[in-house]
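File shown here: entry25.csv, holding CSV, C-alpha atoms.
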```
chain,number,residue,atom,x,y,z
A,1,MET,CA,0.0,0.0,0.0
A,2,SER,CA,1.1,3.5,-0.7
A,3,THR,CA,1.6,6.4,1.8
A,4,THR,CA,-1.4,8.0,0.1
A,5,ASP,CA,-3.5,5.0,1.0
A,6,LEU,CA,-2.2,5.1,4.6
A,7,ALA,CA,-3.0,8.9,4.8
A,8,ARG,CA,-6.5,8.3,3.4
A,9,ASP,CA,-7.1,5.4,5.9
A,10,ILE,CA,-5.9,7.6,8.9
A,11,PHE,CA,-8.1,10.4,7.7
A,12,ASN,CA,-11.2,8.1,7.3
A,13,ARG,CA,-10.6,6.4,10.7
A,14,SER,CA,-9.8,9.5,12.9
A,15,HIS,CA,-11.0,12.8,11.3
A,16,LEU,CA,-13.8,14.5,13.3
A,17,THR,CA,-15.5,17.8,12.8
A,18,GLY,CA,-17.1,20.0,15.4
A,19,GLU,CA,-15.5,22.3,18.1
A,20,PHE,CA,-12.4,21.0,19.9
A,21,THR,CA,-10.2,22.8,22.4
A,22,LEU,CA,-6.6,21.6,21.8
A,23,ARG,CA,-3.9,21.3,24.6
A,24,SER,CA,-2.5,24.6,23.4
A,25,GLY,CA,-5.9,26.3,24.2
A,26,VAL,CA,-6.6,26.8,20.5
A,27,VAL,CA,-10.1,26.0,19.4
A,28,ALA,CA,-10.2,23.8,16.2
A,29,HIS,CA,-13.1,22.9,14.0
A,30,GLU,CA,-11.6,19.7,12.9
A,31,TYR,CA,-9.7,17.1,14.9
A,32,PHE,CA,-7.8,13.9,14.4
A,33,ASP,CA,-8.7,11.6,17.2
A,34,LYS,CA,-5.4,9.7,17.5
A,35,TYR,CA,-6.9,7.1,19.7
A,36,LEU,CA,-9.1,5.9,16.9
A,37,PHE,CA,-6.0,5.0,14.7
A,38,GLU,CA,-3.9,3.9,17.7
A,39,SER,CA,-6.5,1.4,18.8
A,40,ASP,CA,-6.8,-0.2,15.4
A,41,PRO,CA,-4.0,-2.9,15.5
A,42,VAL,CA,-3.7,-3.2,11.7
A,43,LEU,CA,-3.6,0.5,11.1
A,44,LEU,CA,-1.2,1.1,14.0
A,45,ARG,CA,1.1,-1.5,12.5
A,46,ARG,CA,1.0,0.1,9.1
A,47,ILE,CA,1.8,3.5,10.7
A,48,ALA,CA,4.8,2.0,12.6
A,49,GLU,CA,6.1,0.4,9.4
A,50,ALA,CA,5.8,3.8,7.6
A,51,LEU,CA,7.5,5.6,10.5
A,52,ALA,CA,10.4,3.1,10.8
A,53,PRO,CA,12.4,4.7,7.9
A,54,LEU,CA,12.2,8.0,9.7
A,55,VAL,CA,14.3,6.6,12.6
A,56,PRO,CA,18.0,7.1,12.0
A,57,ALA,CA,19.9,3.9,11.3
A,58,HIS,CA,22.6,4.9,13.8
A,59,GLY,CA,22.9,7.1,16.9
A,60,VAL,CA,19.7,6.2,18.7
A,61,ASP,CA,19.8,4.3,21.9
A,62,ALA,CA,16.1,4.2,22.6
A,63,LEU,CA,12.8,5.5,21.3
A,64,ALA,CA,11.0,7.8,23.8
A,65,GLY,CA,7.2,7.8,23.5
A,66,LEU,CA,5.3,10.5,25.2
A,67,GLU,CA,2.3,9.8,27.5
A,68,THR,CA,-0.4,9.0,26.4
A,69,GLY,CA,-0.7,9.1,22.7
A,70,GLY,CA,2.9,8.3,21.9
A,71,ILE,CA,2.9,5.1,24.0
A,72,PRO,CA,1.1,2.8,21.5
A,73,ILE,CA,3.1,4.2,18.6
A,74,VAL,CA,6.4,3.8,20.4
A,75,THR,CA,5.5,0.3,21.4
A,76,MET,CA,4.7,-0.8,17.9
A,77,LEU,CA,7.6,1.1,16.4
A,78,SER,CA,9.9,-0.6,18.9
A,79,GLN,CA,8.6,-4.0,17.6
A,80,VAL,CA,9.2,-2.9,14.0
A,81,THR,CA,12.7,-1.4,14.5
A,82,GLY,CA,14.1,-3.6,17.3
A,83,LEU,CA,15.0,-0.5,19.3
A,84,PRO,CA,14.1,-0.3,23.0
A,85,ALA,CA,11.2,1.9,24.1
A,86,LEU,CA,10.9,4.3,27.0
A,87,PHE,CA,7.6,5.5,28.1
A,88,VAL,CA,7.8,9.2,29.1
A,89,ARG,CA,5.4,10.6,31.7
A,90,LYS,CA,4.1,14.1,31.8
A,91,GLU,CA,5.5,14.3,35.3
A,92,ALA,CA,7.8,12.0,37.2
A,93,LYS,CA,6.1,9.7,39.6
A,94,THR,CA,6.1,10.7,43.2
A,95,TYR,CA,6.2,7.1,44.4
A,96,GLY,CA,7.9,3.9,43.6
A,97,THR,CA,10.8,4.5,41.3
A,98,CYS,CA,10.0,8.2,40.9
A,99,ARG,CA,10.9,8.1,37.3
A,100,LEU,CA,10.0,10.4,34.4
A,101,ALA,CA,10.7,7.7,31.8
A,102,GLU,CA,9.8,4.1,32.4
A,103,GLY,CA,11.6,1.2,30.7
A,104,GLY,CA,15.2,2.1,31.1
A,105,GLU,CA,17.7,4.7,32.0
A,106,VAL,CA,17.8,8.2,30.5
A,107,GLU,CA,21.2,9.5,31.5
A,108,GLY,CA,23.8,9.5,28.7
A,109,ARG,CA,21.4,7.9,26.2
A,110,ARG,CA,20.5,9.3,22.8
A,111,LEU,CA,16.7,9.4,22.8
A,112,PHE,CA,14.5,9.7,19.8
A,113,ILE,CA,11.1,11.3,20.5
A,114,VAL,CA,7.9,9.5,19.3
A,115,GLU,CA,4.7,11.5,19.4
A,116,ASP,CA,1.3,11.1,17.8
A,117,VAL,CA,0.1,14.7,17.0
A,118,ILE,CA,2.1,17.9,17.3
A,119,THR,CA,0.3,21.3,17.3
A,120,SER,CA,2.4,23.9,19.2
A,121,GLY,CA,4.9,21.3,20.4
A,122,GLY,CA,4.2,22.2,24.1
A,123,ALA,CA,4.1,18.6,25.4
A,124,VAL,CA,7.3,17.7,23.5
A,125,LEU,CA,9.0,20.9,24.6
A,126,ASP,CA,8.2,20.0,28.2
A,127,ALA,CA,9.3,16.3,27.8
A,128,VAL,CA,12.6,17.3,26.1
A,129,ALA,CA,13.5,19.8,28.9
A,130,GLU,CA,12.9,17.1,31.5
A,131,LEU,CA,14.7,14.4,29.6
A,132,ARG,CA,17.7,16.7,29.1
A,133,ASN,CA,17.6,17.7,32.8
A,134,ARG,CA,18.0,14.0,33.5
A,135,GLY,CA,21.0,13.6,31.2
A,136,GLY,CA,19.3,12.4,28.1
A,137,ILE,CA,20.5,13.5,24.7
A,138,VAL,CA,17.5,14.5,22.6
A,139,GLU,CA,18.1,16.0,19.1
A,140,GLY,CA,15.4,14.4,17.0
A,141,GLY,CA,12.1,12.6,16.8
A,142,LEU,CA,9.0,12.0,14.7
A,143,CYS,CA,5.3,12.3,14.9
A,144,VAL,CA,2.4,10.8,13.0
A,145,ILE,CA,0.6,14.2,12.3
A,146,ASP,CA,2.0,17.7,12.2
A,147,ARG,CA,-1.0,20.1,12.6
A,148,GLU,CA,1.2,22.8,11.0
A,149,SER,CA,0.7,25.2,13.9
A,150,GLY,CA,4.3,26.0,14.6
A,151,GLY,CA,5.2,23.0,16.7
A,152,LEU,CA,8.0,21.8,14.5
A,153,LYS,CA,9.6,25.3,14.3
A,154,ASN,CA,9.3,25.6,18.1
A,155,LEU,CA,11.1,22.3,18.6
A,156,ALA,CA,13.8,23.2,16.0
A,157,GLU,CA,14.6,26.3,18.0
A,158,ILE,CA,15.7,24.1,20.9
A,159,GLY,CA,17.7,21.8,18.6
A,160,VAL,CA,15.1,19.0,18.1
A,161,ALA,CA,14.3,18.1,14.5
A,162,ILE,CA,11.0,16.4,14.3
A,163,ARG,CA,9.9,14.5,11.1
A,164,PRO,CA,6.2,14.1,10.5
A,165,LEU,CA,4.8,11.1,8.8
A,166,PHE,CA,2.0,13.4,7.5
A,167,THR,CA,1.0,17.0,7.7
A,168,MET,CA,-2.6,17.9,8.4
A,169,THR,CA,-2.8,19.3,4.8
A,170,GLU,CA,-1.6,15.9,3.4
A,171,LEU,CA,-4.2,14.0,5.4
A,172,LYS,CA,-7.0,16.3,4.4
A,173,SER,CA,-5.9,16.1,0.8
A,174,ALA,CA,-5.9,12.3,1.0
A,175,GLY,CA,-9.3,12.2,2.7
A,176,ALA,CA,-10.8,14.3,-0.1
A,177,ASN,CA,-9.9,11.6,-2.7
```
Starting from the file, lay out its structure as structure tokens.
Amino acid sequence: MSTTDLARDIFNRSHLTGEFTLRSGVVAHEYFDKYLFESDPVLLRRIAEALAPLVPAHGVDALAGLETGGIPIVTMLSQVTGLPALFVRKEAKTYGTCRLAEGGEVEGRRLFIVEDVITSGGAVLDAVAELRNRGGIVEGGLCVIDRESGGLKNLAEIGVAIRPLFTMTELKSAGAN
């Protein structure tokens, strides 16, 4: 199947219209409900297989999926690439291990961010700051959907290059066909 077929299938499975308040506070009239494509095992596998070539062949010690939407993607992408996965919380636990990232150590490791949808990049900016504070090396990552609202630019400004599988424009174009 082509990437156009994948884009169309993601659009058909997860595109909603209405009024939605995004994490950034922006009100949108269309929304991609990532949980609809993440909960579909066949579609999730296809997404991971399409994302795998965006992961550098060298220089990545672990994939770092952000809570909550990045977790299913990073799990499947780990299966496809053979790279270990870390599950990055919004905040470090205050009990037990008190970790920000579950699944392994952060310090001194080259981490590759995995996120579902990026709008302003706020959640990723927060996660990168916390991972770097804990000694992680974060310079790149990927997302399934770039909402084209400045998030990739905001992340580039702190030295993190994010590659999207699709832009919102590409998904909408595929969905129109």
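The list of residues with at least one atom within 12 Å of A:Gly151, based on only C-alpha atoms and without residues fewer than 4 positions apart in the same chain, reads Ser24, Glu115, Val117, Ile118, Thr119, Ser120, Gly121, Gly122, Ala123, Val124, Leu125, Leu142, Cys143, Ile145, Asp146, Arg147, Leu155, Ala156, Glu157, Ile158, Val160, Ala161, Ile162, Arg163, Pro164 and Thr167 of chain A.
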Minimum-distance residue to A:Ser78, chosen among A:Val55, A:Val27, A:Leu152, A:Cys98 (using all atoms listed in the file):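 Using all atoms listed in the file, the shortest distance to A:Ser78 belongs to A:Val55.
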Suppose you want the space between atom CA of A:Ile113 and atom CA of A:Arg23; what is it in Å?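 Answer for the atom CA of A:Ile113 to atom CA of A:Arg23 separation: 18.5 Å.
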Minimum-distance residue to A:Arg110, chosen among A:Thr68, A:Gly150, A:Leu77, A:Pro56 (using all atoms listed in the file): A:Pro56
Considering all atoms listed in the file, can you say which of A:Val138, A:Leu44, A:Asn177, A:Leu63 comes closest to A:Gly82?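 Nearest candidate to A:Gly82 out of A:Val138, A:Leu44, A:Asn177, A:Leu63: A:Leu63.
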Could you rebuild stretch 117-128 of chain A with all heavy atoms and give me the result as a compact mmCIF listing (two decimals), keeping the file's coordinate frame?
```txt
# COMPACT_ATOMS: atom_id res chain seq x y z
N VAL A 117 0.53 13.43 17.66
CA VAL A 117 0.10 14.70 17.00
C VAL A 117 0.87 15.83 17.62
O VAL A 117 0.95 15.92 18.84
CB VAL A 117 -1.39 14.89 17.10
CG1 VAL A 117 -1.81 16.18 16.40
CG2 VAL A 117 -2.16 13.70 16.52
N ILE A 118 1.41 16.72 16.79
CA ILE A 118 2.10 17.90 17.30
C ILE A 118 1.35 19.15 16.76
O ILE A 118 1.12 19.26 15.55
CB ILE A 118 3.57 17.97 16.93
CG1 ILE A 118 4.32 16.85 17.65
CG2 ILE A 118 4.17 19.34 17.26
CD1 ILE A 118 5.80 16.78 17.36
N THR A 119 0.98 20.04 17.68
CA THR A 119 0.30 21.30 17.30
C THR A 119 1.37 22.41 17.59
O THR A 119 2.15 22.76 16.73
CB THR A 119 -0.97 21.52 18.09
OG1 THR A 119 -1.83 20.40 17.85
CG2 THR A 119 -1.68 22.78 17.65
N SER A 120 1.41 22.91 18.82
CA SER A 120 2.40 23.90 19.20
C SER A 120 3.71 23.31 19.63
O SER A 120 4.72 24.00 19.73
CB SER A 120 1.84 24.81 20.31
OG SER A 120 1.73 24.06 21.50
N GLY A 121 3.67 22.03 19.93
CA GLY A 121 4.90 21.30 20.40
C GLY A 121 5.04 21.39 21.91
O GLY A 121 6.04 20.91 22.43
N GLY A 122 4.08 21.96 22.62
CA GLY A 122 4.20 22.20 24.10
C GLY A 122 4.54 20.93 24.87
O GLY A 122 5.44 20.94 25.71
N ALA A 123 3.84 19.83 24.61
CA ALA A 123 4.10 18.60 25.40
C ALA A 123 5.50 18.07 25.09
O ALA A 123 6.20 17.60 25.99
CB ALA A 123 3.06 17.54 25.03
N VAL A 124 5.93 18.16 23.83
CA VAL A 124 7.30 17.70 23.50
C VAL A 124 8.33 18.60 24.06
O VAL A 124 9.35 18.13 24.57
CB VAL A 124 7.41 17.54 21.94
CG1 VAL A 124 8.80 17.02 21.59
CG2 VAL A 124 6.34 16.62 21.38
N LEU A 125 8.10 19.91 24.00
CA LEU A 125 9.00 20.90 24.60
C LEU A 125 9.25 20.54 26.08
O LEU A 125 10.38 20.50 26.58
CB LEU A 125 8.56 22.30 24.44
CG LEU A 125 8.63 22.88 23.03
CD1 LEU A 125 7.78 24.14 22.93
CD2 LEU A 125 10.06 23.16 22.63
N ASP A 126 8.16 20.29 26.79
CA ASP A 126 8.20 20.00 28.20
C ASP A 126 9.01 18.66 28.44
O ASP A 126 9.87 18.57 29.32
CB ASP A 126 6.83 19.82 28.82
CG ASP A 126 6.06 21.13 28.88
OD1 ASP A 126 6.67 22.22 28.70
OD2 ASP A 126 4.82 21.07 29.08
N ALA A 127 8.69 17.65 27.65
CA ALA A 127 9.30 16.30 27.80
C ALA A 127 10.83 16.44 27.50
O ALA A 127 11.65 15.87 28.23
CB ALA A 127 8.67 15.31 26.88
N VAL A 128 11.20 17.15 26.44
CA VAL A 128 12.60 17.30 26.10
C VAL A 128 13.37 17.98 27.20
O VAL A 128 14.47 17.54 27.58
CB VAL A 128 12.77 18.05 24.73
CG1 VAL A 128 14.21 18.46 24.50
CG2 VAL A 128 12.26 17.18 23.58
```
